[in-house]
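Student: I have a structure I would like to understand better, so I am pasting it below and will then ask my questions one at a time.
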Amino acid sequence: IPMALVPLVMVAMNLVYALSAYPFGKLSDRTSHTRMLTFGLAVLIAADLVLAASNHWGVVLAGVVLWGVHMGMTQGLLSAMVANAAPADLRGTAFGFFTLVSGLAMLVASMIAGLLWDWLGASATFHAGAAFCALALVGLGWRPSAAKVAGRNG
């Protein structure tokens, strides 16, 4: 797509994000946060694969919509997970640390994405994004449950 239209991609993604955040937030109040995060990562994998498939504007729009849905599913959820995991007196510190680590991860991911884009093109960049998400899903699946951790500690 022409560079002049890139801001419209961000507008479209943020519009879908804004429209989907409330319904997914309500859903996350009634379901497992791990399950919601898993589905959110699966939607991001789908978005990356769609964006890697073609540069036709219709395909790009479909990928951007999926990306916005992923954001709506996960961003509020991640905040809720931080709030639930942190002791009340350390919630501000927990959010600060989460934001710091997220920002550093975003910086590294953006550098890798930029290098891949320059060396191998857009498609390879989105395929790599899907692969990193799949790796995150594997890590999420290996996360010890609270019952297992409690059994080991007590």
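We label chains A, B, ... in the order they appear in the structure tokens, count residues from 1 in each chain, and number ligands from 1 in the order shown.
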Quick one: residues within 10 Å of Leu66 of chain A, only C-alpha atoms counted, chain neighbours fewer than 5 positions away excluded, as a PyMOL selection string?

Tutor: chain A and resi 13+16-17+40+43-48+50-51+60-61+71-72

Student: Print the selection's residues with N, CA and C atoms to a file, as a PDB file, in the first residue's frame.

Tutor:
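Result file is part35.pdb:
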```
ATOM      1  N   MET A  13      -6.964  -0.011  12.555  1.00  0.00           N
ATOM      2  CA  MET A  13      -6.634  -0.938  13.640  1.00  0.00           C
ATOM      3  C   MET A  13      -7.151  -0.406  14.968  1.00  0.00           C
ATOM      4  N   VAL A  16     -11.013  -0.724  15.293  1.00  0.00           N
ATOM      5  CA  VAL A  16     -11.415  -2.095  15.634  1.00  0.00           C
ATOM      6  C   VAL A  16     -11.038  -2.399  17.080  1.00  0.00           C
ATOM      7  N   TYR A  17      -9.868  -1.976  17.499  1.00  0.00           N
ATOM      8  CA  TYR A  17      -9.422  -2.150  18.887  1.00  0.00           C
ATOM      9  C   TYR A  17     -10.429  -1.516  19.837  1.00  0.00           C
ATOM     10  N   GLY A  40      -6.224 -14.681  22.023  1.00  0.00           N
ATOM     11  CA  GLY A  40      -5.673 -13.434  21.511  1.00  0.00           C
ATOM     12  C   GLY A  40      -4.401 -13.646  20.702  1.00  0.00           C
ATOM     13  N   VAL A  43      -5.335 -15.138  17.354  1.00  0.00           N
ATOM     14  CA  VAL A  43      -5.824 -14.106  16.429  1.00  0.00           C
ATOM     15  C   VAL A  43      -4.651 -13.309  15.864  1.00  0.00           C
ATOM     16  N   LEU A  44      -3.631 -13.035  16.670  1.00  0.00           N
ATOM     17  CA  LEU A  44      -2.455 -12.320  16.161  1.00  0.00           C
ATOM     18  C   LEU A  44      -1.693 -13.170  15.150  1.00  0.00           C
ATOM     19  N   ILE A  45      -1.608 -14.467  15.384  1.00  0.00           N
ATOM     20  CA  ILE A  45      -0.982 -15.349  14.389  1.00  0.00           C
ATOM     21  C   ILE A  45      -1.759 -15.266  13.078  1.00  0.00           C
ATOM     22  N   ALA A  46      -3.089 -15.328  13.168  1.00  0.00           N
ATOM     23  CA  ALA A  46      -3.909 -15.220  11.957  1.00  0.00           C
ATOM     24  C   ALA A  46      -3.671 -13.879  11.264  1.00  0.00           C
ATOM     25  N   ALA A  47      -3.609 -12.792  12.040  1.00  0.00           N
ATOM     26  CA  ALA A  47      -3.365 -11.472  11.451  1.00  0.00           C
ATOM     27  C   ALA A  47      -2.023 -11.445  10.723  1.00  0.00           C
ATOM     28  N   ASP A  48      -0.996 -11.977  11.354  1.00  0.00           N
ATOM     29  CA  ASP A  48       0.328 -11.988  10.726  1.00  0.00           C
ATOM     30  C   ASP A  48       0.324 -12.811   9.441  1.00  0.00           C
ATOM     31  N   VAL A  50      -2.243 -13.477   7.490  1.00  0.00           N
ATOM     32  CA  VAL A  50      -3.015 -12.760   6.470  1.00  0.00           C
ATOM     33  C   VAL A  50      -2.175 -11.625   5.890  1.00  0.00           C
ATOM     34  N   LEU A  51      -1.513 -10.860   6.748  1.00  0.00           N
ATOM     35  CA  LEU A  51      -0.685  -9.754   6.267  1.00  0.00           C
ATOM     36  C   LEU A  51       0.495 -10.249   5.433  1.00  0.00           C
ATOM     37  N   VAL A  60      -4.827  -6.701   3.185  1.00  0.00           N
ATOM     38  CA  VAL A  60      -4.221  -5.876   4.235  1.00  0.00           C
ATOM     39  C   VAL A  60      -5.295  -5.430   5.227  1.00  0.00           C
ATOM     40  N   LEU A  61      -6.446  -5.009   4.729  1.00  0.00           N
ATOM     41  CA  LEU A  61      -7.526  -4.584   5.615  1.00  0.00           C
ATOM     42  C   LEU A  61      -7.988  -5.734   6.514  1.00  0.00           C
ATOM     43  N   MET A  71      -5.727  -6.782  19.642  1.00  0.00           N
ATOM     44  CA  MET A  71      -5.478  -5.721  20.624  1.00  0.00           C
ATOM     45  C   MET A  71      -6.652  -5.611  21.594  1.00  0.00           C
ATOM     46  N   GLY A  72      -7.871  -5.653  21.073  1.00  0.00           N
ATOM     47  CA  GLY A  72      -9.047  -5.591  21.920  1.00  0.00           C
ATOM     48  C   GLY A  72      -9.139  -6.761  22.888  1.00  0.00           C
TER      49      GLY A  72
END
```

Student: So that I can see what lies close to Val11 of chain A, please list as a ChimeraX atom specification the residues with an atom at most 12 Å from it, counting only C-alpha atoms and leaving out residues fewer than 6 positions away in the same chain.

Tutor: /A:5,17-18,61,64-65,67-68

Student: Tell me, as a PyMOL selection string, which residues lie within 12 Å of Ala124 of chain A, counting only C-alpha atoms; anything in the same chain fewer than 4 positions away does not count.

Tutor: chain A and resi 48-49+51-54+112-120+128-131

Student: Quick one: of A:Phe132, A:Met111, A:Val82, A:His70, who's nearest to Phe97 of chain A, counting only C-alpha atoms?

Tutor: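 Residue with the minimum atom-to-atom distance to Phe97 of chain A: A:Val82.
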
Student: Do you know which residues are at most 9 Å from Gly25 of chain A counting only C-alpha atoms, after dropping those on the same chain fewer than 4 positions away, and could you put them as a VMD selection string?

Tutor: chain A and resid 20 to 21 29 72 to 74 76 to 77

Student: Work out how far atom CA of Leu8 of chain A is from atom CA of Gln75 of chain A, in Å to one decimal.

Tutor: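 One can read the atom CA of Gln75 of chain A to atom CA of Leu8 of chain A distance as 21.0 Å.
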
Student: Within 10 Å of Ala85 of chain A, counting only C-alpha atoms, which residues show up once you throw out same-chain ones fewer than 6 positions away? Write them as a ChimeraX atom specification, please.

Tutor: /A:79,91,94

Student: Please dump the current selection as a CSV table (one decimal), in the first residue's frame; keep N, CA, C and O atoms.

Tutor:
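Ended up saving to out23.csv:
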```csv
chain,number,residue,atom,x,y,z
A,79,SER,N,-3.5,-5.9,31.4
A,79,SER,CA,-3.6,-5.0,32.6
A,79,SER,C,-4.3,-5.7,33.8
A,79,SER,O,-3.8,-5.6,34.9
A,91,ARG,N,1.1,-2.5,43.3
A,91,ARG,CA,0.4,-2.4,42.0
A,91,ARG,C,1.1,-1.4,41.1
A,91,ARG,O,1.3,-1.6,39.9
A,94,ALA,N,4.3,-2.7,39.9
A,94,ALA,CA,4.1,-3.8,39.0
A,94,ALA,C,3.7,-3.2,37.6
A,94,ALA,O,4.2,-3.7,36.6
```
